[in-house]
$ cat target-v8.txt   # compact mmCIF, C-alpha atoms and all ligand atoms
# COMPACT_ATOMS: atom_id res chain seq x y z
CA MET T 1 20.10 12.50 11.00
CA GLU T 2 18.52 10.46 13.80
CA CYS T 3 15.20 8.70 13.31
CA ILE T 4 13.16 6.24 15.33
CA VAL T 5 11.53 3.45 13.36
CA ALA T 6 8.97 0.96 14.69
CA ALA T 7 9.33 -2.42 12.98
CA LEU T 8 6.16 -4.50 13.16
CA ALA T 9 6.93 -7.75 11.37
CA GLY T 10 3.58 -9.47 11.95
CA ASP T 11 2.78 -12.92 10.57
CA GLY T 12 3.62 -15.32 7.75
CA ILE T 13 6.31 -13.89 5.48
CA GLY T 14 6.16 -10.57 7.39
CA PRO T 15 9.26 -11.25 9.56
CA GLU T 16 11.29 -12.45 6.56
CA VAL T 17 10.63 -9.40 4.42
CA VAL T 18 10.97 -6.93 7.31
CA ALA T 19 14.39 -8.41 8.11
CA GLU T 20 15.50 -7.58 4.56
CA GLY T 21 14.00 -4.10 4.80
CA ILE T 22 16.05 -3.50 7.94
CA LYS T 23 19.14 -4.90 6.26
CA VAL T 24 18.77 -2.31 3.51
CA LEU T 25 18.01 0.46 6.03
CA THR T 26 21.19 -0.43 7.88
CA ALA T 27 23.11 -0.18 4.62
CA VAL T 28 21.61 3.29 4.10
CA SER T 29 22.71 4.39 7.58
CA ASP T 30 26.25 3.10 6.96
CA ARG T 31 26.54 4.61 3.53
CA PHE T 32 24.97 8.01 4.31
CA ASP T 33 25.88 8.33 7.97
CA HIS T 34 22.41 8.45 9.54
CA ARG T 35 21.20 6.86 12.76
CA PHE T 36 18.05 4.82 12.65
CA THR T 37 16.92 3.40 15.98
CA ILE T 38 14.75 0.37 15.25
CA ASN T 39 12.28 -0.87 17.87
CA GLU T 40 10.36 -4.09 17.31
CA GLY T 41 6.72 -4.58 18.24
CA LEU T 42 3.95 -7.14 17.92
CA ILE T 43 0.93 -6.84 15.65
CA GLY T 44 -1.60 -9.25 14.14
CA GLY T 45 -1.80 -12.96 14.84
CA CYS T 46 1.48 -13.17 16.75
CA ALA T 47 0.23 -10.37 19.00
CA ILE T 48 -3.03 -12.24 19.60
CA ASP T 49 -1.05 -15.33 20.62
CA ALA T 50 1.22 -13.37 22.96
CA THR T 51 -1.21 -10.83 24.45
CA GLY T 52 -4.77 -11.69 23.45
CA THR T 53 -5.14 -8.61 21.23
CA ALA T 54 -4.07 -7.82 17.66
CA LEU T 55 -2.83 -4.33 18.52
CA PRO T 56 -1.34 -4.31 22.06
CA ASP T 57 -1.12 -0.94 23.86
CA ALA T 58 2.65 -1.36 24.03
CA THR T 59 2.81 -1.47 20.23
CA LEU T 60 0.58 1.55 19.82
CA ASP T 61 2.62 3.53 22.41
CA MET T 62 5.83 2.64 20.61
CA CYS T 63 4.35 3.77 17.28
CA HIS T 64 3.20 7.08 18.74
CA LYS T 65 6.80 7.70 19.82
CA SER T 66 8.28 6.77 16.42
CA ASP T 67 8.98 8.84 13.32
CA ALA T 68 7.81 6.06 11.01
CA ILE T 69 6.58 2.47 11.01
CA LEU T 70 7.64 -0.46 8.86
CA LEU T 71 5.04 -3.20 8.75
CA GLY T 72 5.36 -6.69 7.26
CA ALA T 73 1.98 -8.42 6.99
CA VAL T 74 -0.74 -9.78 9.25
CA GLY T 75 -3.01 -12.82 9.20
CA GLY T 76 -2.92 -16.53 8.52
CA PRO T 77 -4.97 -19.72 8.65
CA LYS T 78 -4.39 -20.13 12.38
CA TRP T 79 -6.55 -17.06 13.11
CA ASP T 80 -8.95 -17.38 10.20
CA ASP T 81 -12.09 -18.60 11.99
CA PRO T 82 -14.80 -16.35 10.47
CA ASN T 83 -16.64 -16.34 13.80
CA ALA T 84 -13.61 -15.22 15.82
CA LYS T 85 -14.12 -11.95 17.73
CA ILE T 86 -10.42 -11.12 17.63
CA ARG T 87 -8.70 -11.13 14.23
CA PRO T 88 -5.17 -10.19 13.07
CA GLU T 89 -6.54 -7.67 10.55
CA GLN T 90 -7.91 -5.61 13.45
CA GLY T 91 -4.31 -4.78 14.29
CA LEU T 92 -3.66 -3.28 10.88
CA LEU T 93 -6.97 -1.45 10.62
CA GLY T 94 -6.58 -0.28 14.23
CA ILE T 95 -3.15 1.22 13.73
CA ARG T 96 -4.16 3.01 10.50
CA LYS T 97 -7.12 4.54 12.30
CA ALA T 98 -5.35 5.32 15.59
CA LEU T 99 -2.56 7.20 13.81
CA GLY T 100 -4.91 9.00 11.40
CA LEU T 101 -3.17 7.54 8.34
CA PHE T 102 -5.94 8.35 5.87
CA ALA T 103 -3.94 8.46 2.62
CA ASN T 104 -2.58 5.22 1.22
CA LEU T 105 -0.26 5.74 -1.75
CA ARG T 106 0.28 2.68 -3.91
CA PRO T 107 2.58 3.39 -6.86
CA VAL T 108 2.74 0.97 -9.79
CA THR T 109 5.75 1.12 -12.08
CA ILE T 110 7.23 -1.59 -14.23
CA HIS T 111 10.85 -2.55 -14.55
CA PRO T 112 11.63 -3.39 -18.19
CA LEU T 113 13.00 -6.79 -17.21
CA LEU T 114 9.70 -7.69 -15.58
CA LEU T 115 7.58 -7.01 -18.65
CA ASN T 116 7.39 -10.75 -19.15
CA ALA T 117 6.51 -11.50 -15.51
CA SER T 118 3.10 -9.89 -15.99
CA PRO T 119 0.24 -11.99 -17.37
CA LEU T 120 -0.50 -9.05 -19.69
CA ARG T 121 1.13 -8.71 -23.10
CA PRO T 122 4.28 -6.56 -22.85
CA GLU T 123 3.07 -3.99 -25.38
CA ARG T 124 0.10 -3.18 -23.13
CA LEU T 125 2.51 -2.34 -20.30
CA GLN T 126 4.71 0.16 -22.10
CA GLY T 127 4.69 3.44 -20.20
CA VAL T 128 2.73 2.25 -17.16
CA ASP T 129 3.43 4.63 -14.26
CA LEU T 130 0.48 5.22 -11.96
CA VAL T 131 -0.33 5.80 -8.30
CA VAL T 132 -3.50 4.73 -6.58
CA VAL T 133 -4.38 7.07 -3.70
CA ARG T 134 -6.64 4.95 -1.53
CA GLU T 135 -8.69 6.47 1.32
CA LEU T 136 -7.68 4.36 4.28
CA THR T 137 -9.60 5.24 7.44
CA GLY T 138 -13.23 5.50 6.36
CA GLY T 139 -15.95 3.86 4.31
CA ILE T 140 -17.26 0.34 4.64
CA TYR T 141 -14.12 -0.81 6.47
CA PHE T 142 -14.95 1.31 9.49
CA GLY T 143 -18.73 1.81 9.30
CA GLU T 144 -21.00 0.14 11.81
CA LYS T 145 -21.28 -3.63 11.43
CA ASP T 146 -24.28 -5.61 12.53
CA ARG T 147 -25.42 -9.19 12.54
CA GLY T 148 -28.72 -10.71 13.54
CA ARG T 149 -31.32 -13.34 12.92
CA ASP T 150 -35.02 -13.04 12.17
CA ALA T 151 -37.82 -15.37 11.07
CA HIS T 152 -36.20 -15.75 7.61
CA GLY T 153 -32.73 -16.59 8.90
CA GLU T 154 -29.51 -14.67 9.52
CA TRP T 155 -28.71 -11.18 8.23
CA ALA T 156 -25.60 -9.01 8.27
CA SER T 157 -24.82 -5.43 7.37
CA ASP T 158 -21.76 -3.18 6.85
CA LEU T 159 -22.31 0.53 6.67
CA CYS T 160 -20.38 2.53 4.04
CA ILE T 161 -20.25 6.08 5.32
CA TYR T 162 -18.09 9.07 4.24
CA THR T 163 -18.10 12.69 5.29
CA GLU T 164 -17.37 15.61 3.02
CA ALA T 165 -14.24 16.40 5.08
CA GLU T 166 -12.85 12.88 4.67
CA ILE T 167 -13.32 13.03 0.91
CA ALA T 168 -11.95 16.57 0.58
CA ARG T 169 -8.64 15.87 2.34
CA ILE T 170 -7.82 12.74 0.31
CA VAL T 171 -8.74 14.49 -2.94
CA ARG T 172 -6.33 17.31 -2.02
CA THR T 173 -3.58 14.75 -1.35
CA ALA T 174 -4.23 13.17 -4.75
CA GLY T 175 -4.49 16.53 -6.53
CA ASN T 176 -1.18 17.74 -5.11
CA LEU T 177 0.46 14.47 -6.12
CA ALA T 178 -0.94 14.67 -9.67
CA ARG T 179 0.52 18.17 -9.97
CA LEU T 180 4.00 16.77 -9.28
CA ARG T 181 3.48 14.04 -11.89
CA ARG T 182 1.74 14.11 -15.30
CA GLY T 183 -1.16 16.25 -14.13
CA LYS T 184 -3.94 13.72 -14.61
CA LEU T 185 -6.45 12.74 -11.92
CA THR T 186 -9.04 9.97 -12.15
CA MET T 187 -11.66 9.67 -9.40
CA VAL T 188 -13.17 6.20 -9.18
CA ASP T 189 -16.62 5.55 -7.69
CA LYS T 190 -19.90 3.72 -8.22
CA ALA T 191 -22.06 6.83 -8.45
CA ASN T 192 -24.67 5.06 -10.60
CA VAL T 193 -25.61 2.95 -7.56
CA LEU T 194 -24.18 4.21 -4.25
CA GLU T 195 -25.17 7.37 -2.40
CA SER T 196 -21.72 7.56 -0.78
CA SER T 197 -20.21 7.55 -4.29
CA ARG T 198 -22.49 10.42 -5.34
CA LEU T 199 -21.08 12.44 -2.44
CA TRP T 200 -17.54 11.51 -3.53
CA ARG T 201 -18.34 12.70 -7.04
CA SER T 202 -19.84 16.03 -6.05
CA VAL T 203 -17.17 16.87 -3.44
CA THR T 204 -14.33 15.84 -5.75
CA THR T 205 -15.69 17.76 -8.73
CA ARG T 206 -16.11 20.91 -6.63
CA ILE T 207 -12.61 20.72 -5.16
CA VAL T 208 -11.00 20.05 -8.50
CA ASN T 209 -12.87 22.97 -10.10
CA GLU T 210 -11.97 25.34 -7.27
CA GLU T 211 -8.41 24.25 -6.45
CA PHE T 212 -7.04 21.99 -9.18
CA ALA T 213 -8.43 23.41 -12.41
CA ASP T 214 -4.97 22.94 -13.97
CA LEU T 215 -5.31 19.14 -13.78
CA GLN T 216 -6.82 16.92 -16.41
CA PHE T 217 -9.69 15.41 -14.43
CA GLU T 218 -12.07 12.54 -15.11
CA THR T 219 -14.48 10.39 -13.13
CA MET T 220 -14.80 6.68 -13.77
CA LEU T 221 -17.06 3.92 -12.46
CA VAL T 222 -15.15 1.27 -10.58
CA ASP T 223 -16.21 -1.60 -12.83
CA ALA T 224 -15.06 0.33 -15.89
CA CYS T 225 -11.81 1.18 -14.10
CA ALA T 226 -11.17 -2.51 -13.43
CA MET T 227 -11.44 -3.07 -17.17
CA HIS T 228 -9.38 -0.07 -18.28
CA LEU T 229 -6.56 -0.99 -15.88
CA ILE T 230 -6.07 -4.06 -18.05
CA ARG T 231 -7.02 -2.55 -21.39
CA ARG T 232 -5.03 0.72 -21.30
CA PRO T 233 -3.09 0.93 -18.02
CA ALA T 234 -0.58 3.48 -19.32
CA ASP T 235 -3.34 6.11 -19.58
CA PHE T 236 -3.64 6.42 -15.78
CA ASP T 237 -1.57 8.81 -13.71
CA VAL T 238 -3.18 9.35 -10.27
CA ILE T 239 -6.30 7.40 -9.29
CA VAL T 240 -8.12 8.53 -6.14
CA THR T 241 -10.78 6.33 -4.63
CA GLU T 242 -12.49 5.09 -1.48
CA ASN T 243 -11.16 2.43 0.85
CA MET T 244 -12.59 -0.80 -0.52
CA PHE T 245 -12.39 0.08 -4.22
CA GLY T 246 -8.75 1.01 -3.64
CA ASP T 247 -8.08 -2.30 -1.91
CA ILE T 248 -9.47 -4.29 -4.81
CA LEU T 249 -8.05 -2.20 -7.66
CA THR T 250 -4.51 -2.30 -6.22
CA ASP T 251 -4.40 -6.09 -6.10
CA GLU T 252 -5.46 -5.99 -9.75
CA ALA T 253 -2.88 -3.29 -10.56
CA SER T 254 -0.12 -5.33 -8.92
CA MET T 255 -0.41 -7.80 -11.79
CA LEU T 256 0.77 -5.06 -14.14
CA ALA T 257 4.04 -5.06 -12.23
CA GLY T 258 4.29 -8.84 -12.50
CA SER T 259 3.92 -9.76 -8.85
CA MET T 260 2.30 -8.64 -5.62
CA GLY T 261 5.82 -8.93 -4.26
CA MET T 262 6.89 -5.77 -6.12
CA LEU T 263 4.45 -3.15 -4.84
CA PRO T 264 5.21 -0.92 -1.85
CA SER T 265 2.84 1.46 -0.11
CA ALA T 266 2.91 4.51 2.11
CA SER T 267 0.11 5.39 4.51
CA LEU T 268 0.23 9.04 5.47
CA GLY T 269 -1.69 11.43 7.70
CA GLU T 270 -1.42 15.15 8.31
CA GLY T 271 2.18 15.15 9.58
CA ARG T 272 5.36 13.42 8.42
CA MET T 273 4.79 10.21 10.36
CA GLY T 274 3.87 7.36 8.05
CA LEU T 275 3.37 3.63 7.93
CA TYR T 276 5.16 1.76 5.17
CA GLU T 277 4.18 -1.72 4.11
CA PRO T 278 4.10 -3.95 1.05
CA ILE T 279 0.61 -4.28 -0.46
CA HIS T 280 0.91 -8.07 -0.30
CA GLY T 281 -0.39 -10.21 2.54
CA SER T 282 1.26 -12.74 4.85
CA ALA T 283 1.42 -15.53 2.21
CA PRO T 284 1.27 -18.39 4.75
CA ASP T 285 1.79 -20.96 1.98
CA ILE T 286 5.39 -19.85 1.47
CA ALA T 287 6.20 -18.50 4.96
CA GLY T 288 9.49 -19.57 6.51
CA GLN T 289 10.89 -20.97 3.27
CA GLY T 290 12.98 -18.03 2.05
CA LYS T 291 10.80 -17.76 -1.06
CA ALA T 292 9.15 -14.41 -0.40
CA ASN T 293 10.07 -11.46 -2.61
CA PRO T 294 11.41 -8.73 -0.26
CA LEU T 295 11.41 -5.99 -2.90
CA ALA T 296 7.95 -4.58 -2.04
CA MET T 297 9.18 -4.18 1.56
CA ILE T 298 12.51 -2.71 0.47
CA LEU T 299 10.76 -0.26 -1.87
CA SER T 300 8.52 0.65 1.10
CA VAL T 301 11.71 1.55 3.01
CA ALA T 302 12.56 3.90 0.13
CA LEU T 303 9.13 5.53 0.45
CA MET T 304 9.75 5.96 4.19
CA LEU T 305 13.09 7.66 3.58
CA ARG T 306 11.47 10.05 1.11
CA HIS T 307 8.14 10.86 2.77
CA SER T 308 8.81 10.68 6.51
CA PHE T 309 12.49 11.64 6.66
CA GLY T 310 12.83 13.86 3.60
CA LEU T 311 15.84 11.81 2.45
CA GLY T 312 15.28 11.89 -1.30
CA ALA T 313 18.81 10.96 -2.35
CA GLU T 314 18.84 7.98 0.02
CA ALA T 315 15.43 6.85 -1.26
CA HIS T 316 16.71 7.10 -4.78
CA ALA T 317 19.81 5.05 -3.87
CA VAL T 318 17.58 2.24 -2.56
CA GLU T 319 15.39 2.29 -5.66
CA ALA T 320 18.44 2.31 -7.92
CA ALA T 321 19.88 -0.63 -5.96
CA VAL T 322 16.63 -2.55 -6.44
CA PHE T 323 16.74 -1.94 -10.20
CA ALA T 324 20.41 -2.91 -10.35
CA THR T 325 19.61 -6.12 -8.46
CA LEU T 326 16.88 -6.95 -10.97
CA ASP T 327 19.29 -6.12 -13.81
CA ALA T 328 21.80 -8.52 -12.29
CA GLY T 329 19.15 -11.26 -12.36
CA VAL T 330 19.02 -11.76 -8.57
CA VAL T 331 15.30 -12.52 -8.23
CA THR T 332 12.88 -14.65 -6.23
CA GLY T 333 10.73 -17.27 -7.91
CA ASP T 334 7.65 -15.08 -8.36
CA ILE T 335 9.42 -12.91 -10.95
CA ALA T 336 12.01 -15.35 -12.34
CA ARG T 337 11.79 -16.15 -16.02
CA PRO T 338 11.48 -19.83 -16.96
CA GLY T 339 14.88 -21.46 -16.43
CA GLN T 340 16.30 -18.45 -14.58
CA GLU T 341 18.15 -19.18 -11.35
CA VAL T 342 16.02 -18.40 -8.28
CA ALA T 343 17.47 -16.46 -5.32
CA SER T 344 16.22 -16.58 -1.73
CA THR T 345 14.61 -13.74 0.21
CA MET T 346 17.89 -13.19 2.08
CA GLN T 347 20.02 -13.27 -1.06
CA VAL T 348 17.86 -10.63 -2.74
CA GLY T 349 17.98 -8.43 0.40
CA ALA T 350 21.76 -8.82 0.63
CA ALA T 351 22.18 -8.00 -3.07
CA VAL T 352 20.23 -4.76 -2.65
CA ALA T 353 22.08 -3.81 0.56
CA GLU T 354 25.44 -4.41 -1.13
CA ARG T 355 24.48 -2.08 -3.99
CA VAL T 356 23.30 0.63 -1.57
CA LEU T 357 26.68 0.47 0.18
CA ALA T 358 28.44 0.82 -3.17
CA ALA T 359 26.24 3.71 -4.30
C1 LIG L 1 -4.37 -4.30 2.23
C2 LIG L 1 -4.93 -5.54 2.87
C3 LIG L 1 -5.71 -5.16 4.11
C4 LIG L 1 -6.85 -4.27 3.65
C5 LIG L 1 -6.24 -6.35 4.92
C6 LIG L 1 -5.15 -7.28 5.36
C7 LIG L 1 -7.07 -5.90 6.10
O1 LIG L 1 -5.68 -6.27 1.97
O2 LIG L 1 -3.64 -3.56 2.91
O3 LIG L 1 -4.64 -4.08 1.05
O4 LIG L 1 -7.90 -4.76 3.21
O5 LIG L 1 -6.69 -3.05 3.75
MG MG L 2 -5.57 -5.54 -0.02
$ encode --input "target-v8.txt" --output "structure tokens"
Amino acid sequence: MECIVAALAGDGIGPEVVAEGIKVLTAVSDRFDHRFTINEGLIGGCAIDATGTALPDATLDMCHKSDAILLGAVGGPKWDDPNAKIRPEQGLLGIRKALGLFANLRPVTIHPLLLNASPLRPERLQGVDLVVVRELTGGIYFGEKDRGRDAHGEWASDLCIYTEAEIARIVRTAGNLARLRRGKLTMVDKANVLESSRLWRSVTTRIVNEEFADLQFETMLVDACAMHLIRRPADFDVIVTENMFGDILTDEASMLAGSMGMLPSASLGEGRMGLYEPIHGSAPDIAGQGKANPLAMILSVALMLRHSFGLGAEAHAVEAAVFATLDAGVVTGDIARPGQEVASTMQVGAAVAERVLAA
């Protein structure tokens, strides 16, 4: 099989983790006899420095011509001026929107050896296996923004707007996913306060009644969900929610898995093209030191193999290699137990690649 992959490393630890993702992808091509053509492009802060924009046309063109995109991370203190007109994050938001990648899947599973890496008590984590399906191209992230000043001082506003069609398509994505899993769907909103949430609730309830009556369905307020994710995380199967709630809840959920460095994500649209990235950010404090955990990126490569290329066995081989690497105790500092030897980003990537080759 021949596939074209755009690799957008971005800023901070992005280049380090993407390099390990590519190392593992190369191992997959050697082991399973596929051809992946990898083209590199700029996005985020490094793109601003080189071209004056966070998402250069050349990058977008390259992505349009690719079968899938691997993305590291964007942002950093250098570009953090809150008054700046051009920001690294515009690159990420821009590419999600331009490619119509409205469904962001963020799975959370826990490796038994990492039970102690989580700040939660291990017994709370038994059986945790959930996916957050986050709407990615609408809501307050993309609504009109405004800023002004009047006699009382400055004001600012961000519009949170959703259409019925935007809600319906993401609910169908989540419903279909729940059907392939344990058959439970939780829709998270703030319908006691927000009008947009009341639309989410009515559209979701109608679609579930009409098309997904076989699922066990519940609605939950976002503040309650934040609590239940800690109190009884194993009860969740598929959570579907709007853009900003999904952003916040998935950082929280990452602590179930012990580290932000463990959680991959897939951003999908109508076709097979997808963007695959870790949920973590650019971690400028540890950039360039070989300390970053590459497993979220490597697990994102597995999601790419499965969702965009239909290579389920290859995806499984990568995931199995990740688990075997954890079993062998080759881990970065974020998930090491006290006294356990700490491996570098490159050592962890090499350990996974080696196990893929031996699969
Ligand atoms: C994420 C990130 C991004 C988001 C930022 C970097 C714009 O936090 O992917 O979760 O808010 O979507
Ligand atoms: Mg986030």
$ atom_distance --input "target-v8.txt" --atom1 "atom CA of T:Val356" --atom2 "atom CA of T:Ser29"
9.9 Å
$ residues_around --input "target-v8.txt" --residues "T:Ile298" --least-positions-apart "5" --cutoff "9 Å" --atoms "all atoms listed in the file" --output "ChimeraX atom specification"
/T:17-18,20-22,24-25,264,278,303,318-319,322,349,352
$ residues_around --input "target-v8.txt" --residues "T:Glu211" --least-positions-apart "4" --cutoff "12 Å" --atoms "only C-alpha atoms" --output "VMD selection string"
chain T and resid 168 171 to 176 179 203 to 207 215 217
$ residues_near_ligand --input "target-v8.txt" --ligand "ligand MG 2 (chain L)" --cutoff "8 Å" --atoms "all atoms listed in the file" --output "list in words"
Asp247, Ile248, Thr250, Asp251, Ile279, His280 and Gly281 of chain T
$ closest_residue --input "target-v8.txt" --among "T:Met262, T:Ala315, T:Ile230, T:Leu275" --to "T:His111" --atoms "only C-alpha atoms"
T:Met262
$ decode --input "target-v8.txt" --residues "stretch 301-311 of chain T" --atoms "all heavy atoms" --output "mmCIF file, in the first residue's frame"
data_model
loop_
_atom_site.group_PDB
_atom_site.id
_atom_site.type_symbol
_atom_site.label_atom_id
_atom_site.label_comp_id
_atom_site.auth_asym_id
_atom_site.auth_seq_id
_atom_site.Cartn_x
_atom_site.Cartn_y
_atom_site.Cartn_z
ATOM 1 N N VAL T 301 -0.084 7.627 15.605
ATOM 2 C CA VAL T 301 0.288 6.943 14.351
ATOM 3 C C VAL T 301 -0.575 5.679 14.191
ATOM 4 O O VAL T 301 -1.074 5.385 13.099
ATOM 5 C CB VAL T 301 1.794 6.594 14.341
ATOM 6 C CG1 VAL T 301 2.132 5.645 13.190
ATOM 7 C CG2 VAL T 301 2.632 7.869 14.250
ATOM 8 N N ALA T 302 -0.781 4.972 15.298
ATOM 9 C CA ALA T 302 -1.638 3.778 15.234
ATOM 10 C C ALA T 302 -3.057 4.157 14.804
ATOM 11 O O ALA T 302 -3.663 3.480 13.966
ATOM 12 C CB ALA T 302 -1.662 3.067 16.595
ATOM 13 N N LEU T 303 -3.570 5.254 15.351
ATOM 14 C CA LEU T 303 -4.921 5.693 14.958
ATOM 15 C C LEU T 303 -4.962 6.036 13.471
ATOM 16 O O LEU T 303 -5.935 5.750 12.772
ATOM 17 C CB LEU T 303 -5.357 6.912 15.791
ATOM 18 C CG LEU T 303 -5.583 6.682 17.290
ATOM 19 C CD1 LEU T 303 -6.014 7.982 17.971
ATOM 20 C CD2 LEU T 303 -6.643 5.605 17.521
ATOM 21 N N MET T 304 -3.881 6.645 12.968
ATOM 22 C CA MET T 304 -3.806 6.980 11.535
ATOM 23 C C MET T 304 -3.858 5.711 10.683
ATOM 24 O O MET T 304 -4.590 5.640 9.685
ATOM 25 C CB MET T 304 -2.517 7.753 11.244
ATOM 26 C CG MET T 304 -2.270 7.989 9.753
ATOM 27 S SD MET T 304 -0.745 8.898 9.435
ATOM 28 C CE MET T 304 0.457 7.576 9.567
ATOM 29 N N LEU T 305 -3.070 4.722 11.071
ATOM 30 C CA LEU T 305 -3.053 3.467 10.311
ATOM 31 C C LEU T 305 -4.453 2.872 10.248
ATOM 32 O O LEU T 305 -4.911 2.413 9.199
ATOM 33 C CB LEU T 305 -2.073 2.479 10.962
ATOM 34 C CG LEU T 305 -0.595 2.875 10.894
ATOM 35 C CD1 LEU T 305 0.239 2.015 11.839
ATOM 36 C CD2 LEU T 305 -0.075 2.753 9.461
ATOM 37 N N ARG T 306 -5.154 2.917 11.382
ATOM 38 C CA ARG T 306 -6.474 2.290 11.448
ATOM 39 C C ARG T 306 -7.534 3.106 10.708
ATOM 40 O O ARG T 306 -8.248 2.584 9.854
ATOM 41 C CB ARG T 306 -6.865 2.117 12.919
ATOM 42 C CG ARG T 306 -8.205 1.425 13.111
ATOM 43 C CD ARG T 306 -8.505 1.139 14.575
ATOM 44 N NE ARG T 306 -7.599 0.144 15.139
ATOM 45 C CZ ARG T 306 -6.826 0.344 16.208
ATOM 46 N NH1 ARG T 306 -6.841 1.503 16.831
ATOM 47 N NH2 ARG T 306 -6.039 -0.603 16.654
ATOM 48 N N HIS T 307 -7.623 4.402 11.006
ATOM 49 C CA HIS T 307 -8.744 5.202 10.489
ATOM 50 C C HIS T 307 -8.527 5.674 9.056
ATOM 51 O O HIS T 307 -9.437 5.621 8.244
ATOM 52 C CB HIS T 307 -9.014 6.413 11.384
ATOM 53 C CG HIS T 307 -9.608 6.046 12.703
ATOM 54 N ND1 HIS T 307 -10.929 5.688 12.851
ATOM 55 C CD2 HIS T 307 -9.058 5.953 13.938
ATOM 56 C CE1 HIS T 307 -11.173 5.402 14.117
ATOM 57 N NE2 HIS T 307 -10.055 5.552 14.805
ATOM 58 N N SER T 308 -7.329 6.168 8.739
ATOM 59 C CA SER T 308 -7.155 6.720 7.387
ATOM 60 C C SER T 308 -6.740 5.660 6.377
ATOM 61 O O SER T 308 -7.088 5.759 5.209
ATOM 62 C CB SER T 308 -6.115 7.855 7.396
ATOM 63 O OG SER T 308 -6.694 9.041 7.899
ATOM 64 N N PHE T 309 -5.980 4.660 6.815
ATOM 65 C CA PHE T 309 -5.447 3.691 5.850
ATOM 66 C C PHE T 309 -6.120 2.327 5.947
ATOM 67 O O PHE T 309 -5.816 1.428 5.156
ATOM 68 C CB PHE T 309 -3.924 3.523 6.044
ATOM 69 C CG PHE T 309 -3.161 4.827 5.966
ATOM 70 C CD1 PHE T 309 -1.916 4.965 6.578
ATOM 71 C CD2 PHE T 309 -3.669 5.922 5.268
ATOM 72 C CE1 PHE T 309 -1.207 6.168 6.505
ATOM 73 C CE2 PHE T 309 -2.971 7.123 5.189
ATOM 74 C CZ PHE T 309 -1.741 7.251 5.813
ATOM 75 N N GLY T 310 -6.987 2.143 6.939
ATOM 76 C CA GLY T 310 -7.663 0.855 7.076
ATOM 77 C C GLY T 310 -6.712 -0.296 7.402
ATOM 78 O O GLY T 310 -6.992 -1.451 7.083
ATOM 79 N N LEU T 311 -5.569 0.036 8.037
ATOM 80 C CA LEU T 311 -4.575 -0.998 8.354
ATOM 81 C C LEU T 311 -4.697 -1.408 9.828
ATOM 82 O O LEU T 311 -3.887 -1.021 10.678
ATOM 83 C CB LEU T 311 -3.163 -0.480 8.048
ATOM 84 C CG LEU T 311 -2.894 -0.123 6.568
ATOM 85 C CD1 LEU T 311 -1.509 0.508 6.396
ATOM 86 C CD2 LEU T 311 -3.018 -1.369 5.690
#
